[in-house]
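Next comes structure37.cif, with mmCIF, C-alpha atoms and all ligand atoms.
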```
data_run
#
loop_
_atom_site.label_atom_id
_atom_site.label_comp_id
_atom_site.auth_asym_id
_atom_site.auth_seq_id
_atom_site.Cartn_x
_atom_site.Cartn_y
_atom_site.Cartn_z
CA MET A 1 12.12 24.15 2.95
CA LEU A 2 15.63 23.36 1.68
CA ILE A 3 18.29 26.03 1.31
CA HIS A 4 21.14 24.96 -0.97
CA LEU A 5 24.33 26.95 -0.46
CA LYS A 6 26.94 27.57 -3.13
CA LYS A 7 29.85 25.12 -3.42
CA ASP A 8 32.32 27.59 -1.87
CA ALA A 9 30.06 28.45 1.10
CA THR A 10 31.81 28.32 4.49
CA PRO A 11 30.65 27.38 8.00
CA ALA A 12 30.43 31.13 8.70
CA ASP A 13 27.95 31.42 5.79
CA VAL A 14 25.90 28.60 7.32
CA GLU A 15 25.79 30.51 10.62
CA GLU A 16 24.75 33.66 8.80
CA VAL A 17 21.84 31.86 7.07
CA ILE A 18 20.76 30.38 10.41
CA ARG A 19 20.86 33.89 11.91
CA ARG A 20 18.76 35.21 9.01
CA LEU A 21 16.21 32.42 9.58
CA GLY A 22 16.23 33.27 13.29
CA SER A 23 15.41 36.87 12.56
CA GLN A 24 12.38 35.57 10.62
CA GLY A 25 11.22 33.58 13.64
CA LYS A 26 12.72 30.15 12.89
CA PRO A 27 14.60 28.75 15.91
CA LYS A 28 18.02 27.17 15.38
CA ASP A 29 16.87 23.75 16.60
CA GLU A 30 14.43 23.60 13.69
CA VAL A 31 17.23 23.88 11.13
CA ARG A 32 19.21 20.79 10.06
CA VAL A 33 22.57 21.33 8.42
CA MET A 34 23.71 18.70 5.93
CA HIS A 35 27.09 18.69 4.25
CA GLY A 36 27.76 16.70 1.10
CA ASP A 37 29.26 18.36 -1.99
CA SER A 38 28.00 21.59 -0.50
CA TYR A 39 25.89 22.73 2.45
CA VAL A 40 22.14 22.14 2.45
CA LEU A 41 20.00 23.52 5.27
CA GLY A 42 16.67 21.82 5.94
CA VAL A 43 14.07 23.97 7.64
CA LEU A 44 11.74 21.79 9.69
CA HIS A 45 8.07 22.24 10.44
CA ASP A 46 6.24 25.36 9.35
CA ALA A 47 8.25 27.47 6.89
CA SER A 48 5.30 29.47 5.63
CA LYS A 49 6.43 32.71 7.30
CA ILE A 50 9.91 32.66 5.81
CA ASN A 51 10.59 35.06 2.98
CA ASP A 52 12.44 33.16 0.21
CA ASP A 53 13.63 36.36 -1.44
CA LEU A 54 15.47 37.53 1.68
CA LEU A 55 17.40 34.27 1.62
CA LYS A 56 18.00 34.21 -2.12
CA GLU A 57 19.62 37.62 -2.03
CA MET A 58 22.36 36.31 0.27
CA GLY A 59 25.57 35.76 -1.70
CA CYS A 60 26.14 32.26 -0.36
CA VAL A 61 22.69 30.89 -1.28
CA GLU A 62 22.42 28.88 -4.51
CA ASN A 63 18.67 28.25 -4.34
CA VAL A 64 15.69 27.74 -2.06
CA VAL A 65 13.28 24.83 -2.56
CA ARG A 66 9.99 24.41 -0.80
CA ILE A 67 8.84 20.87 -0.02
CA SER A 68 5.12 20.52 0.18
CA HIS A 69 4.80 17.22 2.08
CA LYS A 70 3.80 17.58 5.68
CA TRP A 71 5.97 14.54 6.41
CA LYS A 72 9.08 16.16 5.00
CA VAL A 73 11.16 15.18 8.06
CA LEU A 74 10.83 11.63 6.72
CA SER A 75 11.99 12.62 3.25
CA ARG A 76 15.38 12.04 1.73
CA GLU A 77 15.55 15.69 0.85
CA ILE A 78 16.00 16.40 4.56
CA HIS A 79 18.09 13.30 5.21
CA PRO A 80 19.68 11.84 2.06
CA GLU A 81 21.15 8.72 3.69
CA THR A 82 18.99 5.77 4.74
CA SER A 83 18.47 5.92 8.50
CA VAL A 84 19.72 2.92 10.37
CA VAL A 85 17.50 1.62 13.16
CA GLU A 86 19.48 -0.43 15.62
CA ILE A 87 18.79 -2.93 18.38
CA PRO A 88 22.22 -2.48 19.97
CA LYS A 89 22.04 -5.31 22.51
CA TYR A 90 21.75 -7.83 19.69
CA GLY A 91 23.68 -6.08 16.93
CA SER A 92 20.59 -6.18 14.67
CA ARG A 93 20.02 -3.31 12.30
CA PHE A 94 17.37 -2.17 9.83
CA GLY A 95 18.52 -0.08 6.89
CA GLN A 96 21.92 -1.67 6.40
CA GLY A 97 22.01 -4.92 4.45
CA LEU A 98 19.09 -7.34 4.27
CA THR A 99 17.27 -7.58 7.62
CA LEU A 100 15.16 -10.65 8.29
CA VAL A 101 12.37 -10.83 10.86
CA LEU A 102 11.20 -14.43 11.06
CA GLY A 103 8.81 -16.25 13.34
CA PRO A 104 5.33 -17.65 13.72
CA CYS A 105 2.17 -15.67 13.17
CA ALA A 106 1.14 -16.28 16.76
CA VAL A 107 2.82 -17.58 19.86
CA GLU A 108 0.94 -20.84 20.48
CA SER A 109 2.99 -22.52 23.21
CA TYR A 110 6.50 -22.36 24.64
CA GLU A 111 7.58 -25.44 22.64
CA GLN A 112 6.06 -24.15 19.40
CA LEU A 113 7.82 -20.80 19.78
CA LEU A 114 11.14 -22.34 20.77
CA GLU A 115 11.17 -24.85 17.91
CA THR A 116 10.25 -22.15 15.41
CA ALA A 117 12.75 -19.70 16.89
CA LYS A 118 15.52 -22.25 16.39
CA ILE A 119 14.70 -22.27 12.67
CA ALA A 120 14.82 -18.46 12.65
CA ARG A 121 18.17 -18.46 14.42
CA ASP A 122 19.65 -21.19 12.21
CA ALA A 123 18.49 -19.33 9.10
CA GLY A 124 20.30 -16.17 10.24
CA ALA A 125 17.30 -14.04 11.27
CA HIS A 126 17.96 -10.66 12.90
CA ALA A 127 14.80 -10.72 14.99
CA LEU A 128 12.11 -13.17 16.08
CA ARG A 129 8.48 -12.29 15.50
CA GLY A 130 5.41 -13.77 17.20
CA GLY A 131 2.00 -12.35 18.00
CA ALA A 132 0.85 -12.47 21.62
CA PHE A 133 -2.19 -10.23 21.03
CA LYS A 134 -3.70 -11.08 17.66
CA PRO A 135 -6.08 -8.85 15.70
CA ARG A 136 -8.31 -11.55 14.20
CA THR A 137 -11.18 -11.01 11.79
CA SER A 138 -13.50 -13.28 13.76
CA PRO A 139 -13.93 -13.42 17.54
CA GLN A 140 -14.08 -17.20 17.16
CA ASP A 141 -10.51 -17.31 15.86
CA PHE A 142 -7.51 -17.79 18.16
CA GLN A 143 -6.84 -14.42 19.78
CA GLY A 144 -3.32 -15.14 20.99
CA LEU A 145 -1.96 -16.18 24.38
CA GLU A 146 -1.85 -12.53 25.46
CA GLU A 147 0.43 -12.01 28.48
CA ARG A 148 1.55 -15.65 28.47
CA GLY A 149 2.66 -15.07 24.87
CA LEU A 150 4.88 -12.20 26.00
CA GLU A 151 6.30 -14.40 28.72
CA TYR A 152 7.25 -17.11 26.20
CA LEU A 153 8.70 -14.54 23.82
CA ALA A 154 10.95 -13.21 26.59
CA LYS A 155 12.05 -16.72 27.56
CA VAL A 156 12.72 -17.82 23.99
CA ARG A 157 14.61 -14.60 23.33
CA ASP A 158 17.08 -15.68 25.97
CA ALA A 159 17.26 -19.20 24.58
CA VAL A 160 18.06 -18.21 20.98
CA GLY A 161 19.61 -14.76 21.42
CA LEU A 162 17.30 -12.87 19.06
CA PRO A 163 15.42 -9.63 19.82
CA ILE A 164 11.66 -10.06 19.82
CA VAL A 165 9.01 -8.34 17.68
CA THR A 166 5.36 -8.40 18.69
CA GLU A 167 2.25 -6.42 17.86
CA ILE A 168 0.89 -3.73 20.16
CA MET A 169 -2.84 -3.13 19.76
CA GLU A 170 -3.63 -0.72 22.54
CA ILE A 171 -2.19 2.01 24.69
CA GLY A 172 -3.03 0.10 27.86
CA HIS A 173 -0.52 -2.62 26.88
CA ILE A 174 2.53 -0.38 26.76
CA ASP A 175 3.35 -1.02 30.43
CA LEU A 176 3.02 -4.76 29.91
CA PHE A 177 5.31 -4.65 26.86
CA ARG A 178 7.82 -2.73 28.95
CA GLN A 179 7.60 -5.29 31.71
CA TYR A 180 8.64 -8.04 29.25
CA ASP A 181 11.21 -5.73 27.69
CA VAL A 182 9.81 -6.14 24.16
CA ASP A 183 12.63 -5.11 21.82
CA ILE A 184 10.61 -4.09 18.75
CA TYR A 185 6.96 -3.05 18.75
CA GLN A 186 4.86 -3.81 15.67
CA VAL A 187 1.90 -1.64 14.74
CA GLY A 188 -0.34 -3.76 12.55
CA ALA A 189 -2.25 -2.74 9.45
CA ARG A 190 -5.48 -2.37 11.42
CA ASN A 191 -3.97 0.27 13.70
CA CYS A 192 -2.12 2.23 11.05
CA GLN A 193 -4.39 5.22 11.59
CA ASN A 194 -5.17 4.70 15.26
CA PHE A 195 -3.74 8.13 16.01
CA ASN A 196 -4.14 7.89 19.78
CA LEU A 197 -2.04 4.72 19.81
CA LEU A 198 0.55 6.34 17.53
CA LYS A 199 0.74 9.41 19.78
CA ALA A 200 1.22 7.24 22.84
CA LEU A 201 3.98 5.24 21.14
CA ALA A 202 5.72 8.48 20.16
CA LYS A 203 5.62 9.72 23.71
CA GLN A 204 6.13 6.63 25.79
CA VAL A 205 8.22 4.20 23.72
CA ASN A 206 11.77 4.58 22.50
CA ARG A 207 12.18 1.04 21.20
CA PRO A 208 12.14 0.46 17.41
CA ILE A 209 8.70 0.27 15.84
CA ILE A 210 7.75 -1.68 12.72
CA PHE A 211 4.90 0.29 11.26
CA LYS A 212 2.62 -1.46 8.75
CA ARG A 213 0.64 0.34 6.09
CA GLY A 214 -3.08 -0.18 6.56
CA ASN A 215 -5.33 -1.68 3.97
CA GLY A 216 -6.18 1.00 1.41
CA VAL A 217 -4.14 3.67 3.17
CA THR A 218 -2.47 5.95 0.62
CA LEU A 219 1.23 6.73 0.72
CA ASP A 220 0.56 10.28 1.87
CA GLU A 221 -1.75 9.04 4.64
CA PHE A 222 0.76 6.35 5.62
CA LEU A 223 3.65 8.80 5.89
CA ASN A 224 1.59 11.33 7.80
CA ALA A 225 0.62 8.53 10.19
CA ALA A 226 4.29 7.47 10.45
CA ASN A 227 5.11 11.06 11.30
CA TYR A 228 2.86 10.87 14.37
CA ILE A 229 5.39 8.37 15.73
CA TYR A 230 8.53 9.99 14.30
CA SER A 231 7.84 13.60 15.24
CA GLY A 232 5.26 13.27 17.98
CA SER A 233 2.43 15.77 18.17
CA ASN A 234 1.73 18.93 20.12
CA GLY A 235 5.42 19.75 20.40
CA GLY A 236 6.37 16.26 21.69
CA THR A 237 9.67 14.74 20.62
CA GLY A 238 8.62 11.47 18.94
CA ASN A 239 10.39 8.19 18.32
CA HIS A 240 12.87 8.11 15.42
CA ASN A 241 13.41 4.35 15.60
CA LEU A 242 10.89 3.71 12.91
CA VAL A 243 10.76 1.02 10.21
CA LEU A 244 8.08 1.12 7.51
CA CYS A 245 6.43 -2.10 6.39
CA GLU A 246 4.46 -2.72 3.21
CA ARG A 247 2.00 -5.63 3.51
CA GLY A 248 -0.37 -5.15 0.61
CA ASP A 249 -3.96 -4.19 -0.09
CA LYS A 250 -7.09 -6.28 -0.21
CA THR A 251 -8.64 -6.43 -3.67
CA PHE A 252 -11.37 -8.53 -5.29
CA GLU A 253 -8.80 -11.25 -6.01
CA ARG A 254 -9.08 -14.27 -3.71
CA GLU A 255 -6.21 -16.41 -5.06
CA HIS A 256 -3.77 -14.60 -2.81
CA ARG A 257 -4.55 -12.67 0.34
CA ASN A 258 -3.38 -9.14 -0.36
CA VAL A 259 -1.79 -7.49 -3.36
CA LEU A 260 1.71 -6.53 -2.23
CA ASN A 261 2.19 -2.97 -3.36
CA ILE A 262 5.56 -3.00 -5.10
CA ASN A 263 4.90 0.57 -6.25
CA ASN A 264 4.82 1.62 -2.61
CA ILE A 265 8.08 -0.12 -1.75
CA ASN A 266 9.70 1.59 -4.73
CA TYR A 267 8.30 4.97 -3.66
CA LEU A 268 9.11 4.64 0.04
CA ALA A 269 12.68 3.51 -0.60
CA GLN A 270 13.26 6.46 -2.95
CA HIS A 271 11.45 9.22 -1.08
CA THR A 272 11.93 8.45 2.60
CA HIS A 273 15.08 7.86 4.59
CA LEU A 274 13.41 5.30 6.86
CA PRO A 275 14.21 1.61 6.41
CA VAL A 276 11.47 -0.16 4.44
CA ILE A 277 10.62 -3.82 4.86
CA ALA A 278 8.04 -6.00 3.14
CA ASP A 279 5.69 -8.67 4.44
CA PRO A 280 5.30 -11.14 1.57
CA SER A 281 3.62 -13.71 3.85
CA HIS A 282 0.30 -12.00 4.50
CA ALA A 283 0.29 -10.77 0.91
CA GLY A 284 0.90 -14.17 -0.66
CA GLY A 285 -1.35 -16.07 1.69
CA LYS A 286 0.16 -19.37 0.49
CA GLN A 287 3.64 -20.80 0.93
CA ARG A 288 4.30 -20.96 -2.78
CA TYR A 289 3.85 -17.23 -3.31
CA VAL A 290 6.09 -15.95 -0.52
CA ALA A 291 9.47 -16.18 -2.29
CA GLY A 292 8.30 -14.57 -5.53
CA LEU A 293 6.89 -11.57 -3.70
CA ALA A 294 9.99 -11.28 -1.53
CA ARG A 295 12.21 -11.23 -4.64
CA ALA A 296 10.12 -8.45 -6.14
CA ALA A 297 10.18 -6.47 -2.87
CA ILE A 298 13.97 -6.61 -2.66
CA ALA A 299 14.28 -5.65 -6.31
CA ALA A 300 12.06 -2.61 -5.65
CA GLY A 301 14.31 -1.44 -2.81
CA ALA A 302 13.17 -3.20 0.39
CA HIS A 303 15.76 -3.29 3.16
CA GLY A 304 14.28 -6.30 4.84
CA LEU A 305 11.54 -8.91 5.07
CA LEU A 306 9.06 -9.94 7.72
CA VAL A 307 8.18 -13.56 7.08
CA GLU A 308 6.03 -16.06 8.94
CA ILE A 309 7.57 -19.44 9.58
CA HIS A 310 6.49 -22.43 11.70
CA TYR A 311 8.14 -25.71 12.71
CA ASP A 312 4.90 -27.49 11.79
CA PRO A 313 2.79 -25.28 9.48
CA GLU A 314 0.08 -27.91 8.99
CA HIS A 315 -0.82 -27.69 12.65
CA ALA A 316 -0.39 -23.92 13.11
CA ARG A 317 -3.28 -22.23 14.91
CA CYS A 318 -2.92 -19.20 12.69
CA ASP A 319 -1.70 -18.61 9.12
CA GLY A 320 -0.21 -22.05 8.55
CA ALA A 321 -1.07 -21.82 4.84
CA HIS A 322 1.70 -19.29 4.18
CA SER A 323 4.10 -20.18 7.00
CA LEU A 324 7.38 -21.66 5.75
CA ASN A 325 8.72 -24.83 7.38
CA ARG A 326 12.39 -25.37 8.28
CA GLU A 327 13.51 -26.57 4.88
CA GLN A 328 11.60 -23.84 3.03
CA THR A 329 12.95 -21.18 5.40
CA MET A 330 16.57 -22.21 4.84
CA GLN A 331 16.09 -22.21 1.08
CA PHE A 332 14.22 -18.90 1.20
CA VAL A 333 16.90 -17.07 3.17
CA LYS A 334 19.69 -18.39 0.95
CA GLU A 335 17.84 -17.21 -2.12
CA MET A 336 16.93 -13.78 -0.71
CA LYS A 337 20.52 -13.07 0.29
CA ALA A 338 21.56 -13.78 -3.30
CA VAL A 339 18.79 -11.54 -4.66
CA TYR A 340 19.74 -8.74 -2.26
CA ALA A 341 23.39 -9.00 -3.28
CA ALA A 342 22.48 -8.98 -6.97
CA VAL A 343 20.34 -5.85 -6.55
CA ASN A 344 22.45 -3.87 -4.08
CA GLU A 345 26.09 -4.92 -4.29
C1 LIG B 401 0.93 -9.72 11.60
O1 LIG B 401 2.00 -9.40 11.06
O2 LIG B 401 0.88 -10.50 12.54
C2 LIG B 401 -0.34 -9.12 11.12
C3 LIG B 401 -1.47 -9.27 11.81
O3 LIG B 401 -0.25 -8.49 9.95
P1 LIG B 401 -1.13 -7.27 9.36
O4 LIG B 401 -1.22 -6.24 10.45
O5 LIG B 401 -0.30 -6.82 8.19
O6 LIG B 401 -2.45 -7.84 8.96
MN MN B 402 -0.11 -13.92 10.36
#
```
Would you mind writing the file's structure down as structure tokens?
Ligand code: PEP
Ligand code: MN
Amino acid sequence: MLIHLKKDATPADVEEVIRRLGSQGKPKDEVRVMHGDSYVLGVLHDASKINDDLLKEMGCVENVVRISHKWKVLSREIHPETSVVEIPKYGSRFGQGLTLVLGPCAVESYEQLLETAKIARDAGAHALRGGAFKPRTSPQDFQGLEERGLEYLAKVRDAVGLPIVTEIMEIGHIDLFRQYDVDIYQVGARNCQNFNLLKALAKQVNRPIIFKRGNGVTLDEFLNAANYIYSGSNGGTGNHNLVLCERGDKTFEREHRNVLNINNINYLAQHTHLPVIADPSHAGGKQRYVAGLARAAIAAGAHGLLVEIHYDPEHARCDGAHSLNREQTMQFVKEMKAVYAAVNE
């Protein structure tokens, strides 16, 4: 519920409205006060017991609007400005300017990660990605180096000075991720609705989380799932350091891998205050499609890109077909900065 106050409303009026909400059972810590042209009070969680008419009859109240989404804490109506998610130690930010997360699909060896990380650093990346635990379609495919992958990520982080992003697949790995001081946790498409994992991340992790939309998961389902992390459940506090990631849906088309859902990027950037990034790599599935999709994502409102790169894509153990090499990465970043500036500045 949003309560818009009249333009001439005073801080004393705000207090009075909060008192009135309190007398209807709504505690003060569930009311957010925003002040732009005028005061707007956002009532969090369940507002079903509040009587709109009792509020509307107050002289200072302009109008009362009910928001039906259960994920309204993620909506711009509650929080008009884009939230900025920071990794303070490295000065990296999501939600302010174009944020680039670059790196290989999987950590394959120390040398492979280091050589690829140097490309990421030289291109101006804000974070280095690399999968240590890989969710692969076939058990015969490379599953990742697991703990050794985390070890290399931590070492290479020190060598290039970039925070590291890696995918968490199960609750039991949280302690391990903490041990290697993983800066940003990624929840992959396959775990988008693994609610037990999301609950555990809300409760146990305060590091930023890149949260990917699952294949075929609707916007409403995606944002409700995101809210498991953001708000927590059963009265828990949650983790507000959340970045949404659109990575496309599988369709009957086999030319590319997934159909990047530009509609979703457009919607998420307009309706939620969370930073939104796009993964054009897994959508395109081939090097030649990555830049086109990235351009479209930025034009639709994306605040950043997660892109797979490799120092030697032809010999990558995973996703070499869409991984950009050094030269392609440099060209890509230069172009995307220009596109971002054209769209946003
Ligand atoms: C990845 O980014 O490494 C990945 C596995 O992507 P997705 O979860 O989108 O399939
Ligand atoms: Mn990949």
Atom-to-atom span, CA of Lys334 in chain A and CA of Ser281 in chain A, Å: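 Result for CA of Lys334 in chain A versus CA of Ser281 in chain A: 17.0 Å, one decimal.
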For Leu41 in chain A, the nearest of the candidates A:Asn266, A:Asn63, A:Gln112, A:Gln328, counting all atoms listed in the file: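 Looking at the shortest contact to Leu41 in chain A, the residue is A:Asn63.
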Distance filter 6 Å around ligand LIG 401 (chain B), atoms: all atoms listed in the file, out as a ChimeraX atom specification: /A:105,131,188-190,247
Residue nearest Leu219 in chain A - candidates A:Glu246, A:Glu151, A:Glu30, A:Glu170, atoms counted: only C-alpha atoms: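 Of A:Glu246, A:Glu151, A:Glu30, A:Glu170, the one nearest Leu219 in chain A, counting only C-alpha atoms, is A:Glu246.
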Distance criterion (only C-alpha atoms): nearest to Val61 in chain A out of A:Lys28, A:Arg157, A:Arg207, A:Lys6: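 Smallest distance to Val61 in chain A is found for A:Lys6.
The protein and nucleic acid residues lying at most 9 Å from Ala299 in chain A are Asn266, Ala294, Val339, Tyr340, Ala342, Val343 and Asn344 of chain A, with only C-alpha atoms considered and sequence neighbours fewer than 5 positions away removed.
Between ligand MN 402 (chain B) and the candidates A:Asn51, A:Thr137, A:Ser323, A:Gln96, the tightest atom-to-atom separation, counting all atoms listed in the file, involves A:Ser323.
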Neighbourhood of ligand MN 402 (chain B) at 8 Å, counting all atoms listed in the file, reported as a list in words: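 Checked against 8 Å with all atoms listed in the file; the hits are Pro104, Cys105, Ala106, Ser281, His282, Glu308, Cys318 and Asp319 of chain A.
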Selected residue of minimal separation from Lys212 in chain A among A:Leu260, A:Cys245, A:Ile229, A:Val182, counting all atoms listed in the file: A:Cys245
Close residues, Leu153 in chain A itself excluded, 10 Å, only C-alpha atoms, min 2 positions apart in chain, as a PyMOL selection string: chain A and resi 107+109-110+113-114+117+128-132+147-151+155-159+162-166+180-182
One-decimal distance in Å that lies between CA of Gly235 in chain A and CA of Val73 in chain A: 14.4 Å
Among the residues A:Leu306, A:Tyr228, A:Ser233, A:Ala321, the one that comes closest to Arg257 in chain A [using all atoms listed in the file]: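 Among the listed residues, the smallest separation from Arg257 in chain A belongs to A:Ala321.
Interatomic distance, CA of Gly214 in chain A against CA of Cys192 in chain A: 5.2 Å.
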With 5 Å added on each side, what axis-aligned box encloses every listed atom of range 70-88 of chain A? Give the centre and edge lengths in Å to one decimal, as AutoDock Vina command-line options.
```
--center_x 13.0 --center_y 7.3 --center_z 10.4 --size_x 28.4 --size_y 30.5 --size_z 29.1
```
Cut-off 10 Å around (14.2, -3.0, 14.7) with all atoms listed in the file: residues as a PyMOL selection string: chain A and resi 84-88+92-95+99+101+126-127+163-165+183-186+207-210+241-243+275
